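Pasting upload-v7.cif here (mmCIF, C-alpha atoms):
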```cif
data_structure
#
loop_
_atom_site.group_PDB
_atom_site.id
_atom_site.type_symbol
_atom_site.label_atom_id
_atom_site.label_comp_id
_atom_site.auth_asym_id
_atom_site.auth_seq_id
_atom_site.Cartn_x
_atom_site.Cartn_y
_atom_site.Cartn_z
ATOM 1 C CA MET N 9 -5.621 7.740 18.538
ATOM 2 C CA SER N 10 -2.570 7.631 20.720
ATOM 3 C CA ASP N 11 -3.210 4.006 21.629
ATOM 4 C CA ARG N 12 -1.750 2.703 18.372
ATOM 5 C CA VAL N 13 1.880 1.761 18.670
ATOM 6 C CA ASP N 14 2.058 1.325 14.891
ATOM 7 C CA ASP N 15 1.622 5.033 14.342
ATOM 8 C CA HIS N 16 5.122 5.641 15.607
ATOM 9 C CA PRO N 17 8.580 4.872 14.277
ATOM 10 C CA GLY N 18 10.284 2.125 16.136
ATOM 11 C CA SER N 19 7.346 -0.197 15.837
ATOM 12 C CA GLY N 20 7.676 -3.186 13.582
ATOM 13 C CA GLY N 21 4.150 -4.470 14.047
ATOM 14 C CA PRO N 22 1.734 -5.086 16.826
ATOM 15 C CA SER N 23 3.255 -8.312 18.063
ATOM 16 C CA SER N 24 6.763 -8.361 16.748
ATOM 17 C CA ASP N 25 8.481 -7.414 19.995
ATOM 18 C CA HIS N 26 5.996 -7.995 22.772
ATOM 19 C CA ASP N 27 5.240 -10.911 24.926
ATOM 20 C CA LEU N 28 2.169 -12.600 23.492
ATOM 21 C CA GLU N 29 1.007 -13.510 26.985
ATOM 22 C CA ALA N 30 0.843 -9.821 27.849
ATOM 23 C CA ILE N 31 -1.249 -9.229 24.743
ATOM 24 C CA ARG N 32 -3.663 -11.980 25.733
ATOM 25 C CA ALA N 33 -3.929 -10.514 29.239
ATOM 26 C CA ALA N 34 -4.608 -7.053 27.768
ATOM 27 C CA ARG N 35 -7.643 -8.360 25.880
ATOM 28 C CA GLY N 36 -9.769 -8.343 28.983
ATOM 29 C CA VAL N 37 -8.752 -4.907 30.167
ATOM 30 C CA ALA N 38 -11.310 -2.130 29.701
ATOM 31 C CA GLY N 39 -10.404 1.077 27.900
ATOM 32 C CA PRO N 40 -7.811 1.805 25.248
ATOM 33 C CA VAL N 41 -4.955 -0.663 25.131
ATOM 34 C CA GLN N 42 -2.213 -1.157 22.606
ATOM 35 C CA ARG N 43 -3.715 -4.330 21.231
ATOM 36 C CA LYS N 44 -6.152 -7.015 22.214
ATOM 37 C CA GLY N 45 -5.485 -9.717 19.702
ATOM 38 C CA ILE N 46 -2.828 -11.304 17.602
ATOM 39 C CA GLY N 47 -2.714 -10.824 13.868
ATOM 40 C CA PRO N 48 -5.585 -9.991 11.538
ATOM 41 C CA VAL N 49 -8.207 -11.269 14.009
ATOM 42 C CA ALA N 50 -7.555 -8.119 16.058
ATOM 43 C CA TRP N 51 -8.303 -5.861 13.084
ATOM 44 C CA PHE N 52 -11.953 -6.868 13.221
ATOM 45 C CA ASP N 53 -12.222 -6.741 17.009
ATOM 46 C CA VAL N 54 -13.993 -3.421 17.450
ATOM 47 C CA ARG N 55 -14.890 -3.902 21.117
ATOM 48 C CA ARG N 56 -13.971 -0.810 23.166
ATOM 49 C CA ARG N 57 -11.907 0.584 20.323
ATOM 50 C CA GLY N 58 -11.833 4.097 18.882
ATOM 51 C CA ALA N 59 -10.918 5.905 15.682
ATOM 52 C CA GLY N 60 -7.271 4.832 16.068
ATOM 53 C CA HIS N 61 -8.227 1.194 15.732
ATOM 54 C CA LEU N 62 -10.453 1.960 12.746
ATOM 55 C CA ALA N 63 -7.583 3.826 11.060
ATOM 56 C CA PHE N 64 -5.136 1.009 11.783
ATOM 57 C CA SER N 65 -7.461 -1.748 10.580
ATOM 58 C CA LEU N 66 -8.523 0.130 7.441
ATOM 59 C CA ASN N 67 -4.881 0.778 6.618
ATOM 60 C CA ARG N 68 -4.056 -2.933 6.926
ATOM 61 C CA ILE N 69 -7.101 -4.125 4.946
ATOM 62 C CA THR N 70 -6.754 -1.548 2.144
ATOM 63 C CA GLY N 71 -3.001 -2.234 2.023
ATOM 64 C CA LEU N 72 -3.579 -5.944 1.453
ATOM 65 C CA GLY N 73 -6.231 -5.100 -1.154
ATOM 66 C CA LEU N 74 -3.779 -2.849 -2.974
ATOM 67 C CA VAL N 75 -1.070 -5.546 -2.968
ATOM 68 C CA PHE N 76 -3.640 -7.895 -4.535
ATOM 69 C CA TYR N 77 -4.441 -5.194 -7.116
ATOM 70 C CA LEU N 78 -0.724 -4.742 -7.942
ATOM 71 C CA TYR N 79 -0.482 -8.382 -9.049
ATOM 72 C CA LEU N 80 -3.909 -8.287 -10.722
ATOM 73 C CA HIS N 81 -2.764 -5.225 -12.688
ATOM 74 C CA LEU N 82 0.415 -7.006 -13.789
ATOM 75 C CA ALA N 83 -1.686 -9.987 -14.873
ATOM 76 C CA VAL N 84 -4.039 -7.725 -16.845
ATOM 77 C CA LEU N 85 -1.122 -5.942 -18.535
ATOM 78 C CA SER N 86 0.337 -9.342 -19.409
ATOM 79 C CA MET N 87 -2.730 -9.880 -21.623
ATOM 80 C CA LEU N 88 -1.246 -7.279 -23.960
ATOM 81 C CA LEU N 89 1.484 -9.805 -24.759
ATOM 82 C CA GLY N 90 -1.248 -11.960 -26.333
ATOM 83 C CA GLY N 91 -1.956 -9.337 -28.988
ATOM 84 C CA ALA N 92 -4.939 -7.224 -30.006
ATOM 85 C CA SER N 93 -7.565 -9.981 -29.807
ATOM 86 C CA SER N 94 -6.594 -10.907 -26.249
ATOM 87 C CA TRP N 95 -6.781 -7.246 -25.200
ATOM 88 C CA SER N 96 -10.144 -6.664 -26.924
ATOM 89 C CA SER N 97 -11.777 -9.593 -25.148
ATOM 90 C CA PHE N 98 -10.549 -8.229 -21.813
ATOM 91 C CA LEU N 99 -11.883 -4.764 -22.645
ATOM 92 C CA ARG N 100 -15.363 -6.164 -23.258
ATOM 93 C CA VAL N 101 -15.410 -7.319 -19.621
ATOM 94 C CA ALA N 102 -13.572 -4.306 -18.213
ATOM 95 C CA THR N 103 -16.146 -1.831 -19.499
ATOM 96 C CA LEU N 104 -19.115 -3.564 -17.860
ATOM 97 C CA PRO N 105 -20.838 -1.431 -15.161
ATOM 98 C CA ALA N 106 -19.971 -3.988 -12.445
ATOM 99 C CA PHE N 107 -16.312 -3.729 -13.351
ATOM 100 C CA LEU N 108 -16.475 0.077 -13.145
ATOM 101 C CA GLY N 109 -17.785 -0.349 -9.600
ATOM 102 C CA LEU N 110 -14.514 -2.120 -8.796
ATOM 103 C CA ASP N 111 -12.698 0.994 -10.066
ATOM 104 C CA VAL N 112 -14.528 3.034 -7.433
ATOM 105 C CA LEU N 113 -13.545 0.443 -4.809
ATOM 106 C CA LEU N 114 -9.912 0.730 -5.945
ATOM 107 C CA ILE N 115 -10.002 4.511 -5.602
ATOM 108 C CA PHE N 116 -11.550 4.122 -2.140
ATOM 109 C CA GLY N 117 -8.636 1.869 -1.135
ATOM 110 C CA LEU N 118 -6.057 4.214 -2.612
ATOM 111 C CA LEU N 119 -7.524 7.268 -0.877
ATOM 112 C CA VAL N 120 -7.949 5.634 2.537
ATOM 113 C CA HIS N 121 -4.496 4.032 2.472
ATOM 114 C CA GLY N 122 -2.739 7.044 0.960
ATOM 115 C CA LEU N 123 -4.289 9.731 3.131
ATOM 116 C CA ASN N 124 -4.131 7.720 6.369
ATOM 117 C CA GLY N 125 -0.544 6.784 5.480
ATOM 118 C CA LEU N 126 0.241 10.469 5.087
ATOM 119 C CA ARG N 127 -1.156 11.076 8.582
ATOM 120 C CA VAL N 128 0.908 8.234 10.043
ATOM 121 C CA ALA N 129 4.052 9.576 8.334
ATOM 122 C CA LEU N 130 3.408 13.126 9.561
ATOM 123 C CA VAL N 131 2.670 12.070 13.131
ATOM 124 C CA GLY N 132 5.464 9.500 13.274
ATOM 125 C CA SER N 133 7.985 12.003 11.970
ATOM 126 C CA GLY N 134 7.117 14.403 14.761
ATOM 127 C CA TYR N 135 4.880 16.780 12.784
ATOM 128 C CA ALA N 136 1.516 17.437 14.406
ATOM 129 C CA PRO N 137 1.841 14.569 16.944
ATOM 130 C CA ASP N 138 -0.988 16.040 19.042
ATOM 131 C CA ARG N 139 -3.357 16.537 16.095
ATOM 132 C CA GLN N 140 -3.860 12.894 15.143
ATOM 133 C CA LYS N 141 -7.621 12.734 15.416
ATOM 134 C CA ALA N 142 -8.234 16.089 13.683
ATOM 135 C CA LEU N 143 -5.782 15.140 10.940
ATOM 136 C CA TYR N 144 -7.428 11.742 10.465
ATOM 137 C CA TRP N 145 -10.987 13.005 10.169
ATOM 138 C CA SER N 146 -10.098 16.013 7.985
ATOM 139 C CA LEU N 147 -8.123 13.771 5.609
ATOM 140 C CA MET N 148 -10.965 11.250 5.493
ATOM 141 C CA VAL N 149 -13.492 13.997 4.688
ATOM 142 C CA PHE N 150 -11.132 15.264 1.965
ATOM 143 C CA GLY N 151 -10.821 11.685 0.687
ATOM 144 C CA GLY N 152 -14.599 11.291 0.730
ATOM 145 C CA ILE N 153 -15.005 14.375 -1.473
ATOM 146 C CA LEU N 154 -12.348 13.099 -3.897
ATOM 147 C CA LEU N 155 -14.015 9.662 -3.973
ATOM 148 C CA LEU N 156 -17.389 11.202 -4.749
ATOM 149 C CA GLY N 157 -15.861 13.236 -7.601
ATOM 150 C CA ALA N 158 -14.065 10.171 -8.970
ATOM 151 C CA ALA N 159 -17.213 8.011 -8.731
ATOM 152 C CA ILE N 160 -19.258 10.613 -10.619
ATOM 153 C CA HIS N 161 -16.519 10.822 -13.273
ATOM 154 C CA ILE N 162 -16.322 7.023 -13.669
ATOM 155 C CA VAL N 163 -20.095 6.529 -13.809
ATOM 156 C CA GLY N 164 -20.415 9.501 -16.177
ATOM 157 C CA SER N 165 -17.828 8.096 -18.579
ATOM 158 C CA ALA N 166 -19.497 4.658 -18.708
ATOM 159 C CA MET K 26 31.359 0.358 28.590
ATOM 160 C CA GLU K 27 30.129 -3.079 27.609
ATOM 161 C CA VAL K 28 26.461 -3.293 26.670
ATOM 162 C CA PRO K 29 24.679 -6.411 27.991
ATOM 163 C CA ARG K 30 24.005 -8.849 25.144
ATOM 164 C CA ALA K 31 20.192 -8.864 25.582
ATOM 165 C CA ALA K 32 20.063 -5.075 25.696
ATOM 166 C CA GLY K 33 22.239 -4.930 22.595
ATOM 167 C CA ARG K 34 19.881 -7.265 20.752
ATOM 168 C CA GLU K 35 16.884 -5.156 21.775
ATOM 169 C CA GLU K 36 18.583 -1.981 20.586
ATOM 170 C CA ALA K 37 19.481 -3.619 17.280
ATOM 171 C CA ALA K 38 15.894 -4.821 16.818
ATOM 172 C CA ALA K 39 14.537 -1.349 17.641
ATOM 173 C CA GLY K 40 16.985 0.214 15.191
ATOM 174 C CA SER K 41 15.917 -2.232 12.467
ATOM 175 C CA ARG K 42 12.232 -1.506 13.112
ATOM 176 C CA SER K 43 12.878 2.230 12.977
ATOM 177 C CA THR K 44 14.721 1.882 9.655
ATOM 178 C CA THR K 45 11.878 -0.231 8.222
ATOM 179 C CA TRP K 46 9.318 2.318 9.366
ATOM 180 C CA ARG K 47 11.299 5.170 7.789
ATOM 181 C CA TRP K 48 11.560 3.328 4.459
ATOM 182 C CA THR K 49 7.827 2.555 4.529
ATOM 183 C CA ALA K 50 6.971 6.201 5.234
ATOM 184 C CA LEU K 51 9.473 7.501 2.671
ATOM 185 C CA SER K 52 8.265 5.157 -0.078
ATOM 186 C CA GLY K 53 4.660 6.015 0.855
ATOM 187 C CA VAL K 54 5.270 9.750 0.452
ATOM 188 C CA ALA K 55 7.163 9.073 -2.810
ATOM 189 C CA LEU K 56 4.125 7.089 -3.994
ATOM 190 C CA LEU K 57 1.792 10.008 -3.320
ATOM 191 C CA VAL K 58 4.019 12.163 -5.565
ATOM 192 C CA LEU K 59 4.349 9.414 -8.191
ATOM 193 C CA VAL K 60 0.594 8.757 -8.268
ATOM 194 C CA THR K 61 0.017 12.470 -8.940
ATOM 195 C CA VAL K 62 2.722 12.540 -11.661
ATOM 196 C CA HIS K 63 1.351 9.265 -13.084
ATOM 197 C CA MET K 64 -2.163 10.696 -13.308
ATOM 198 C CA LEU K 65 -1.041 13.993 -14.836
ATOM 199 C CA ALA K 66 1.240 12.298 -17.381
ATOM 200 C CA ASN K 67 -1.439 9.727 -18.062
ATOM 201 C CA HIS K 68 -3.978 12.441 -18.762
ATOM 202 C CA LEU K 69 -1.687 14.385 -21.119
ATOM 203 C CA VAL K 70 -0.250 11.395 -22.993
ATOM 204 C CA VAL K 71 -3.608 9.623 -23.248
ATOM 205 C CA GLU K 72 -5.001 12.743 -24.938
ATOM 206 C CA GLN K 73 -2.037 12.674 -27.351
ATOM 207 C CA VAL K 74 -2.676 9.088 -28.441
ATOM 208 C CA GLY K 75 -6.446 9.673 -28.629
ATOM 209 C CA GLY K 76 -7.560 7.526 -25.683
ATOM 210 C CA LEU K 77 -6.520 4.361 -23.916
ATOM 211 C CA ARG K 78 -8.965 1.815 -25.274
ATOM 212 C CA THR K 79 -7.478 -0.007 -28.237
ATOM 213 C CA TYR K 80 -4.442 -2.277 -28.247
ATOM 214 C CA ARG K 81 -2.546 0.169 -30.477
ATOM 215 C CA GLN K 82 -3.331 3.134 -28.184
ATOM 216 C CA VAL K 83 -2.073 1.277 -25.095
ATOM 217 C CA LEU K 84 1.171 0.338 -26.850
ATOM 218 C CA GLU K 85 1.705 3.912 -28.042
ATOM 219 C CA TYR K 86 1.105 5.108 -24.499
ATOM 220 C CA ILE K 87 3.628 2.695 -22.947
ATOM 221 C CA GLY K 88 6.057 3.395 -25.825
ATOM 222 C CA ASN K 89 6.361 7.032 -24.767
ATOM 223 C CA PRO K 90 9.826 7.338 -23.074
ATOM 224 C CA VAL K 91 8.498 9.606 -20.304
ATOM 225 C CA ILE K 92 5.727 7.122 -19.481
ATOM 226 C CA PHE K 93 8.208 4.232 -19.589
ATOM 227 C CA VAL K 94 10.456 5.940 -16.997
ATOM 228 C CA ILE K 95 7.544 7.028 -14.772
ATOM 229 C CA GLU K 96 5.874 3.590 -14.866
ATOM 230 C CA SER K 97 9.165 1.770 -14.130
ATOM 231 C CA LEU K 98 9.949 4.085 -11.201
ATOM 232 C CA PHE K 99 6.370 3.726 -9.977
ATOM 233 C CA LEU K 100 6.647 -0.063 -10.094
ATOM 234 C CA ILE K 101 9.912 -0.080 -8.131
ATOM 235 C CA VAL K 102 8.601 2.203 -5.369
ATOM 236 C CA VAL K 103 5.159 0.565 -5.142
ATOM 237 C CA THR K 104 6.722 -2.914 -4.921
ATOM 238 C CA ALA K 105 9.145 -1.812 -2.191
ATOM 239 C CA HIS K 106 6.260 -0.241 -0.243
ATOM 240 C CA ALA K 107 4.090 -3.343 -0.760
ATOM 241 C CA MET K 108 6.803 -5.710 0.492
ATOM 242 C CA LEU K 109 7.457 -3.551 3.565
ATOM 243 C CA GLY K 110 3.718 -3.448 4.250
ATOM 244 C CA LEU K 111 3.328 -7.204 3.813
ATOM 245 C CA ARG K 112 6.223 -7.720 6.205
ATOM 246 C CA SER K 113 4.539 -5.525 8.768
ATOM 247 C CA VAL K 114 1.253 -7.446 8.437
ATOM 248 C CA LEU K 115 2.963 -10.833 8.691
ATOM 249 C CA LEU K 116 4.892 -9.714 11.770
ATOM 250 C CA ASP K 117 1.469 -9.284 13.426
ATOM 251 C CA PHE K 118 1.500 -13.065 13.826
ATOM 252 C CA GLY K 119 4.402 -12.874 16.294
ATOM 253 C CA LEU K 120 6.990 -14.760 14.255
ATOM 254 C CA SER K 121 10.173 -16.186 15.711
ATOM 255 C CA PRO K 122 13.490 -14.517 14.758
ATOM 256 C CA ALA K 123 14.358 -17.459 12.478
ATOM 257 C CA THR K 124 10.997 -17.268 10.667
ATOM 258 C CA LYS K 125 11.366 -13.505 10.449
ATOM 259 C CA HIS K 126 14.727 -13.992 8.737
ATOM 260 C CA VAL K 127 13.180 -16.380 6.182
ATOM 261 C CA LEU K 128 10.297 -13.943 5.675
ATOM 262 C CA ASP K 129 12.705 -11.053 4.992
ATOM 263 C CA ARG K 130 14.583 -13.069 2.380
ATOM 264 C CA GLY K 131 11.370 -14.300 0.797
ATOM 265 C CA LEU K 132 9.941 -10.801 0.510
ATOM 266 C CA VAL K 133 13.169 -9.440 -0.994
ATOM 267 C CA ALA K 134 13.074 -12.267 -3.576
ATOM 268 C CA LEU K 135 9.383 -11.648 -4.329
ATOM 269 C CA GLY K 136 10.023 -7.914 -4.706
ATOM 270 C CA VAL K 137 12.972 -8.432 -7.066
ATOM 271 C CA ILE K 138 10.987 -10.916 -9.207
ATOM 272 C CA THR K 139 7.991 -8.556 -9.323
ATOM 273 C CA VAL K 140 10.071 -5.551 -10.405
ATOM 274 C CA ALA K 141 12.059 -7.612 -12.930
ATOM 275 C CA TYR K 142 8.884 -9.074 -14.473
ATOM 276 C CA GLY K 143 7.164 -5.671 -14.577
ATOM 277 C CA VAL K 144 10.087 -3.821 -16.147
ATOM 278 C CA VAL K 145 10.584 -6.576 -18.765
ATOM 279 C CA LEU K 146 6.825 -6.505 -19.476
ATOM 280 C CA ILE K 147 6.789 -2.733 -19.947
ATOM 281 C CA GLY K 148 9.975 -2.965 -22.050
ATOM 282 C CA VAL K 149 8.551 -5.674 -24.357
ATOM 283 C CA LEU K 150 5.293 -3.742 -24.813
ATOM 284 C CA ALA K 151 7.173 -0.464 -25.409
ATOM 285 C CA SER K 152 9.301 -2.148 -28.074
ATOM 286 C CA ARG K 153 6.093 -3.118 -29.953
ATOM 287 C CA ALA K 154 4.888 0.487 -30.176
#
```
Final structure tokens representation of the file:
Amino acid sequence: MSDRVDDHPGSGGPSSDHDLEAIRAARGVAGPVQRKGIGPVAWFDVRRRGAGHLAFSLNRITGLGLVFYLYLHLAVLSMLLGGASSWSSFLRVATLPAFLGLDVLLIFGLLVHGLNGLRVALVGSGYAPDRQKALYWSLMVFGGILLLGAAIHIVGSA
Amino acid sequence: MEVPRAAGREEAAAGSRSTTWRWTALSGVALLVLVTVHMLANHLVVEQVGGLRTYRQVLEYIGNPVIFVIESLFLIVVTAHAMLGLRSVLLDFGLSPATKHVLDRGLVALGVITVAYGVVLIGVLASRA
């Protein structure tokens, strides 16, 4: 997990301060490297990558998903401005089983992003810098248990 | 002692990155606390208004002063964290300093508009309760 520069303060992003040519050259090198690609393409490049890459990519993808949800949530709340009828028609869709599945997906995103973010903050701040992998997997197991509980609750309340 | 200009620029950039990282981490930790408070308050207040299904129940929920403050604070922190995160993702593309400057301004503007719209929205809905 120590191969991720983004887990540490002082990093503004994988390619913000490095020579892109060096990044391209690093793509062909075997073993853990700081990065092998530029931008989101690298998130899905799982060749010769470990848990650190998975954590980094999941954090980026869930983060973007949550930003999308923020604006979706504002749009949904804006329906309240249209009065009771507007809200009721939305509720008819929102209580469909397929929609409840999206709730589980949202909780998955929140748990992965939140718990992995907590790990990044702890490690980057100097707490448990040598316990990255243990911290990551224990938080993900904890998140998995919470997700299971939440999914059962959501499905049960449908 | 005079610091070489290039070295000075690098130090300034590193300092800026470090500050951004700290704000991202700080807002992230604040969000974990706010999400917990949000869920607890949500649970208690939703029970008070008898659920969160009908139009009237949602308005009564948002009209609660404690919920209004928590939701507004939540919106401010989540928007700040989202903009910092978006910036970090967009910097993955290796932007030039000039583009980075435009990006920073654009994200600040987007964040301010988002918070302003959200707070006005919550305020209008709370006033209908």
Reference answer for the PyMOL selection byres ((chain K) within 10 of (chain N)), as number ranges by chain: K: 35, 38-47, 49-51, 53-54, 56-57, 60, 78-81, 83-84, 100, 103-104, 106-108, 110-122, 125, 139, 142-143, 146-147, 149-150, 153
Target residues per the PyMOL selection byres ((chain N and resi 145-162) around 12), formatted as JSON, numbers by chain: {"N": [9, 59, 60, 62, 63, 66, 103, 104, 105, 106, 107, 108, 109, 110, 111, 112, 113, 114, 115, 116, 117, 118, 119, 120, 121, 122, 123, 124, 125, 126, 127, 128, 139, 140, 141, 142, 143, 144, 163, 164, 165, 166]}
Interatomic distance, atom CA of K:Val58 to atom CA of K:Phe93 (Å, one decimal):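 Interatomic distance, atom CA of K:Val58 to atom CA of K:Phe93: 16.6 Å.
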Interatomic distance (Å, one decimal) between atom CA of K:Asn89 and atom CA of K:Ala154: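 Distance between the two atoms: 8.6 Å.
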Length of the atom CA of K:Leu65 to atom CA of K:Ile95 vector [Å]: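 Pair atom CA of K:Leu65 / atom CA of K:Ile95 returns 11.1 Å.
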K:His63 environment, 9 Å, all atoms listed in the file, sequence neighbours closer than 3 positions dropped, as a PyMOL selection string: chain K and resi 58-60+66-68+92+95-96+99
Best match for closeness to K:Val62 among K:Val127, K:Leu98, K:Ile87, K:Val144, counting all atoms listed in the file: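 Residue with the minimum atom-to-atom distance to K:Val62: K:Leu98.
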